[in-house]
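Below is one structure, written out as C-alpha cells; comments come after it.
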Amino acid sequence: MSKPKKEADVRFGKFGTVSFTTLTKVNDFIDHLENGKVMATHCKTCNTTFFPPRADCCHCLSSDMTWQEVSGNGKLVTYSRLKFAPMGFDGDLPYCIALLDYGDYRVFGRLDSALDDSEIRIGMPMTTVANRLPNGQLNYVFKKA
Amino acid sequence: MWDRVILFASYPGSIRELVFEGFREAVTDAGVTAKDIDASVVCSAPEYDKQRSPSGILAEYLGLNPQPTFYVETLCSSSSTGLKLAYSLVASGLHDVVAVMGFQKMSEISSAESQERMGRGADIQWESPFGTMMPAYYAMYAQAHMEKYGTRLEDLAAIRVKSATYGQINDRAVYRKPVTAEMFADPADIMAGPVASPLRVGDCCANADGSSCIIVASEEKARLFCKKPIWILGFGTASASVNLTGRDLFTGLRAAEQAAAAAYKMAGVGPGDIDVAEVHDCFTIAEMMAYENLGFAKPGEAKDLIQSRETYREGSIPVNVDGGLLSKGHPIGATGGSQIRTIVLQLRGEAGAMQVKEPEIGLVHNIGGVGIYGNVTILCNQ
Ligand SMILES: [Zn+2]
C-alpha cells in the first residue's frame, strides 16, 4: 500500500498580481492576508521585528519566530507611478509602488489605486491594508491614515 | 591592463561571436595571445542567456582551454566585479595574465520581457509581485532626491543633454542624436514621455548588446607586453539590502558611498584628485547621485555641478564624456568593461574627440541592480 502523497504547500503563489515564489516557511502570511491582516515576524529570542517576514533571524540565528501585525501608521518614504509594467502586470496600470517607514521596520508595497497624485505627499502618514486583486490574488496597499 | 569593448543595438550573431569581437581587439591591442592568458573571468547577468554556464563555451570558442575559467555575476556591475576578481588572482600570485570578458545579448527578448527579468533582480518573493521594474526603483530615489534637495526635472534633463553631447562623437554609442532641454519640455516629444514618475523616456538608458574585454597582468608581464599599461590604484566594493525595506538612505546609494570610501583609501587619493570619471548613469538620477556618493559634490549639490557644466569635458571633473550608458546603451554584463575602456583610453591620451586634457587619475563607478552592488575602481597612467 502506498502512502497518500502529501500535497505541496503552495499558498505563497497567491501573493501579488504575479507571484514568483510558491514554497516558503512563511506561508502563513497568506492566511493572515486572507483574514485581512498584514503580518511581520518577530524573533522571540532577540526581539527583532522583521518586514518582510522571515523564518530565520540573522542577528541571533534563531528560527523561533512569532507573527506580529503591521499596525498603526507608517510614513511615506518615497513612491513612483508606473506608466509601463513588466510582463504580467499590464492590467494593473497605472499603479504606484511605494515604501512606508514604521520606525522599527519598513514596508514595500503599492499605494491604494484610489489615491490621486495630488493627495500624495512624501512624509504623509499611511496605513497598510490587506487587499484582494481583481484576478483573485492577494496583496496589500497603503491608504491615507 | 588593456581592454576593448564592442556595442551594438542588436548584434547579428551568437554570444560566442559577440564576445570574440571584444576579445580579439583586446588581445591584439595588448600584444598577447590566448596562450599567454592563464585564466579567464566571464561576466554577465545570466537571465538573458539560453546558454547555461557561459564561461565554459566561451573559453572553448576563444581557445582558452585548458586554463581555468570563472563566472562572475553582480547584475549591471558584473565586469567591474570580474576585474576585482582578476586583480585578486594576479595579486595573489596564482595567475599572471587574466582576461575579463563581459557580455550581454539582450536583443532577443522584448523590452517588457527584459523589464520583467531585470525586475527579478529585485526581491522576487516580496517586491516583484507588486510589479516592480528598474526605472521605477530609480524613480523612487529621484522622487526622494527632488523632495529633499529641490532637484528639478530640468536638472535631470541636463544630465541627458550632456550625455548626448558626447554620444554624438562616440562612434561606439548606440544613441547618437542630439538631445536638448527643449525636447524634455515638450510633452509631445518622445524624450518627455512618462515611464515611472518622475522619470521620463529621456532619463533612461536603452538596452543593447555588447561585449567588453580587459586584460589584467602582473606588473612584470604588463611591462613586457604593453607599451602603455594602465595601473590599478584602488578598488572599493560593497553590497546593500536588495529589498528597499532594508535601506536607510533614499537620496543616494549607500553601497556606492562605501565602495568610493574604500577605493579612495586603497588608492591614497580623494575626490579632488580624480581627473576624469565614468559613472553608472543607467538613469539620469543615477548620475546625479553618483556625483554626491563619490564626493564630487556635497549631498544635494549635484544639480549645481551639472548646471555649472563642471562635469563637461572642460570642467573641473569631467564625467561620462563618452556619452555614458544613456548614449552608449547598457549591455549589463559588458558595461563595467566599457567604462574601464573609456578611462584607459583617456589615461593613455587616445580618446580622440572625447579626450580630456592630460588626465593622470581616472575613476569608474559601476552599480549592480538598484544599488545592490557598489563598485568603484581607480586607475592611473604612471
Ligand atoms: Zn533573533
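Letters A, B, ... mark the chains of the C-alpha cells in the order given; residue numbers begin at 1 per chain; ligand numbers begin at 1, in order shown.
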Counting only C-alpha atoms and all ligand atoms, which residues in chain A sit no more than 7 Å from ligand 1? For each one, give the nearest pair of atoms and the distance in Å, sorted by chain then residue number, as a tab-separated table.
residue	atom	partner	partner_atom_place_in_ligand_line	distance
A:Cys43	CA	ligand 1	1 (Zn)	4.7
A:Lys44	CA	ligand 1	1 (Zn)	6.7
A:Thr45	CA	ligand 1	1 (Zn)	5.1
A:Cys46	CA	ligand 1	1 (Zn)	4.1
A:Asn47	CA	ligand 1	1 (Zn)	6.2
A:Thr48	CA	ligand 1	1 (Zn)	5.9
A:Cys57	CA	ligand 1	1 (Zn)	4.6
A:Cys58	CA	ligand 1	1 (Zn)	6.6
A:His59	CA	ligand 1	1 (Zn)	5.1
A:Cys60	CA	ligand 1	1 (Zn)	4.2
A:Leu61	CA	ligand 1	1 (Zn)	6.1
A:Ser62	CA	ligand 1	1 (Zn)	5.4
Using N, CA, C and O atoms, can you export the residues from the last selection as a tab-separated table (two decimals), in the first residue's frame?
chain	number	residue	atom	x	y	z
A	43	CYS	N	11.29	37.94	16.27
A	43	CYS	CA	12.18	36.93	16.83
A	43	CYS	C	11.99	36.88	18.34
A	43	CYS	O	12.21	37.88	19.03
A	44	LYS	N	11.57	35.71	18.84
A	44	LYS	CA	11.31	35.58	20.28
A	44	LYS	C	12.60	35.63	21.09
A	44	LYS	O	12.59	35.94	22.27
A	45	THR	N	13.71	35.29	20.44
A	45	THR	CA	14.97	35.22	21.18
A	45	THR	C	15.60	36.60	21.36
A	45	THR	O	16.02	36.96	22.46
A	46	CYS	N	15.65	37.41	20.29
A	46	CYS	CA	16.33	38.71	20.41
A	46	CYS	C	15.39	39.90	20.22
A	46	CYS	O	15.83	41.05	20.17
A	47	ASN	N	14.08	39.61	20.07
A	47	ASN	CA	13.07	40.68	19.99
A	47	ASN	C	13.19	41.60	18.78
A	47	ASN	O	12.80	42.76	18.85
A	48	THR	N	13.73	41.10	17.67
A	48	THR	CA	13.78	41.91	16.45
A	48	THR	C	12.53	41.64	15.62
A	48	THR	O	12.11	40.50	15.48
A	57	CYS	N	16.27	34.34	11.97
A	57	CYS	CA	16.83	35.61	12.42
A	57	CYS	C	18.33	35.65	12.14
A	57	CYS	O	19.07	34.77	12.57
A	58	CYS	N	18.76	36.69	11.39
A	58	CYS	CA	20.18	36.78	11.04
A	58	CYS	C	21.00	37.39	12.18
A	58	CYS	O	22.22	37.39	12.14
A	59	HIS	N	20.33	37.92	13.21
A	59	HIS	CA	21.07	38.51	14.34
A	59	HIS	C	21.48	37.45	15.35
A	59	HIS	O	22.60	37.44	15.83
A	60	CYS	N	20.54	36.54	15.68
A	60	CYS	CA	20.84	35.55	16.74
A	60	CYS	C	20.76	34.12	16.23
A	60	CYS	O	20.94	33.18	17.00
A	61	LEU	N	20.47	33.95	14.91
A	61	LEU	CA	20.41	32.63	14.26
A	61	LEU	C	19.27	31.75	14.79
A	61	LEU	O	19.25	30.56	14.54
A	62	SER	N	18.32	32.34	15.48
A	62	SER	CA	17.17	31.58	15.96
A	62	SER	C	16.12	31.48	14.85
A	62	SER	O	16.03	32.35	13.98
Region 77-81 of chain B surroundings by only C-alpha atoms, 10 Å radius, close-in-sequence under 6 positions cut, as an NGL selection string: :B and (41-45 or 71 or 87 or 100-103 or 212-214 or 235-237 or 280 or 332-340 or 364-369 or 372-377)
Residue neighbourhood Val174 (chain B), 12 Å, only C-alpha atoms, exclusion window fewer than 3 positions, as JSON, numbers by chain: {"B": [6, 7, 8, 9, 10, 11, 164, 166, 167, 168, 169, 170, 171, 177, 205, 206, 207, 208, 209, 210, 322, 323, 324, 325, 326, 327, 328, 329, 330, 331]}
Neighbours of chain B in chain A at 8 Å, counting only C-alpha atoms, as an NGL selection string: :A and (15-21 or 51-52 or 77-87 or 89 or 97-99 or 105-110 or 122 or 139)
Computed interatomic separation between CA of Leu156 (chain B) and CA of Ile285 (chain B) (Å): 6.3 Å
Between CA of Tyr48 (chain B) and CA of Ser107 (chain B), distance in Å (one decimal): 9.2 Å
Test item, strand (DSSP E) assignment across region 24-270 of chain B, answer as a PyMOL selection string: chain B and resi 39-43+69-72+97-104+194-196+199-200+209-217+231-239
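On the backbone of this structure, DSSP gives alpha helix (DSSP H) within region 164-264 of chain B to B:Ala164, B:Thr165, B:Tyr166, B:Gly167, B:Ala181, B:Glu182, B:Met183, B:Phe184, B:Ala185, B:Glu219, B:Glu220, B:Lys221, B:Ala222, B:Arg223, B:Leu224, B:Phe225, B:Arg254, B:Ala255, B:Ala256, B:Glu257, B:Gln258, B:Ala259, B:Ala260, B:Ala261, B:Ala262, B:Ala263, B:Tyr264.
Every protein, DNA or RNA residue with an atom at most 9 Å from Ile15 (chain B), where only C-alpha atoms count and chain neighbours fewer than 6 positions away do not, is listed here: Asp49, Gln51, Pro54, Leu58, Phe103, Gln104, Lys105 and Ser211 of chain B.
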Would you mind exporting C-alpha atoms of the selected residues as a PDB file, in the first residue's frame?
ATOM      1  CA  ASP B  49      21.051  33.687 -21.865  1.00  0.00           C
ATOM      2  CA  GLN B  51      23.400  29.033 -22.656  1.00  0.00           C
ATOM      3  CA  PRO B  54      28.724  30.606 -20.397  1.00  0.00           C
ATOM      4  CA  LEU B  58      33.455  30.994 -24.247  1.00  0.00           C
ATOM      5  CA  PHE B 103      28.912  40.432 -22.367  1.00  0.00           C
ATOM      6  CA  GLN B 104      25.159  40.684 -22.751  1.00  0.00           C
ATOM      7  CA  LYS B 105      22.906  39.851 -25.647  1.00  0.00           C
ATOM      8  CA  SER B 211      30.913  42.686 -25.141  1.00  0.00           C
TER       9      SER B 211
END
7 Å contact set for Gln68 (chain A), only C-alpha atoms, chain neighbours under 2 positions out, as a PyMOL selection string: chain A and resi 39-42+66+70
Once you have the residues from the selection above, write them out as an mmCIF file, in the first residue's frame, restricted to all heavy atoms.
data_model
loop_
_atom_site.group_PDB
_atom_site.id
_atom_site.type_symbol
_atom_site.label_atom_id
_atom_site.label_comp_id
_atom_site.auth_asym_id
_atom_site.auth_seq_id
_atom_site.Cartn_x
_atom_site.Cartn_y
_atom_site.Cartn_z
ATOM 1 N N MET A 39 1.057 40.855 8.301
ATOM 2 C CA MET A 39 1.879 40.465 9.437
ATOM 3 C C MET A 39 3.376 40.533 9.167
ATOM 4 O O MET A 39 3.847 40.234 8.070
ATOM 5 C CB MET A 39 1.538 39.024 9.845
ATOM 6 C CG MET A 39 0.069 38.793 10.157
ATOM 7 S SD MET A 39 -0.511 39.671 11.632
ATOM 8 C CE MET A 39 -0.331 38.381 12.852
ATOM 9 N N ALA A 40 4.104 40.919 10.214
ATOM 10 C CA ALA A 40 5.568 40.851 10.227
ATOM 11 C C ALA A 40 5.939 39.635 11.084
ATOM 12 O O ALA A 40 5.062 39.036 11.718
ATOM 13 C CB ALA A 40 6.135 42.117 10.846
ATOM 14 N N THR A 41 7.216 39.253 11.104
ATOM 15 C CA THR A 41 7.624 38.225 12.067
ATOM 16 C C THR A 41 8.490 38.889 13.131
ATOM 17 O O THR A 41 9.136 39.917 12.893
ATOM 18 C CB THR A 41 8.388 37.052 11.422
ATOM 19 O OG1 THR A 41 9.467 37.554 10.643
ATOM 20 C CG2 THR A 41 7.479 36.197 10.567
ATOM 21 N N HIS A 42 8.462 38.277 14.322
ATOM 22 C CA HIS A 42 9.169 38.817 15.482
ATOM 23 C C HIS A 42 9.994 37.698 16.096
ATOM 24 O O HIS A 42 9.478 36.613 16.370
ATOM 25 C CB HIS A 42 8.146 39.353 16.493
ATOM 26 C CG HIS A 42 8.766 40.001 17.683
ATOM 27 N ND1 HIS A 42 9.232 41.294 17.660
ATOM 28 C CD2 HIS A 42 9.020 39.523 18.926
ATOM 29 C CE1 HIS A 42 9.738 41.593 18.853
ATOM 30 N NE2 HIS A 42 9.631 40.529 19.631
ATOM 31 N N THR A 66 7.528 34.583 15.932
ATOM 32 C CA THR A 66 6.094 34.707 16.159
ATOM 33 C C THR A 66 5.567 35.778 15.190
ATOM 34 O O THR A 66 6.314 36.639 14.749
ATOM 35 C CB THR A 66 5.818 35.074 17.636
ATOM 36 O OG1 THR A 66 4.429 35.205 17.829
ATOM 37 C CG2 THR A 66 6.492 36.355 18.033
ATOM 38 N N VAL A 70 1.306 44.260 11.397
ATOM 39 C CA VAL A 70 1.768 45.587 10.986
ATOM 40 C C VAL A 70 0.601 46.527 11.264
ATOM 41 O O VAL A 70 -0.405 46.500 10.552
ATOM 42 C CB VAL A 70 2.137 45.614 9.483
ATOM 43 C CG1 VAL A 70 2.435 47.032 9.012
ATOM 44 C CG2 VAL A 70 3.321 44.686 9.200
#
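Going from CA of Ile274 (chain B) to CA of Gly349 (chain B) covers 15.5 Å.
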Distance query Ala130 (chain A) at most 8 Å, only C-alpha atoms, self and fewer than 4 positions along chain excluded, as a ChimeraX atom specification: /A:33-34,36-38,138-141
Shell of 10 Å around Ala114 (chain A), only C-alpha atoms, local chain residues under 2 positions omitted, as an MDAnalysis selection string: chainID A and resid 95 111:112 116:117 143
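Take the candidates B:Ala158, B:Leu83, B:Val32, B:Ala260 and check each one against Ile232 (chain B) using only C-alpha atoms; the shortest distance goes to B:Leu83.
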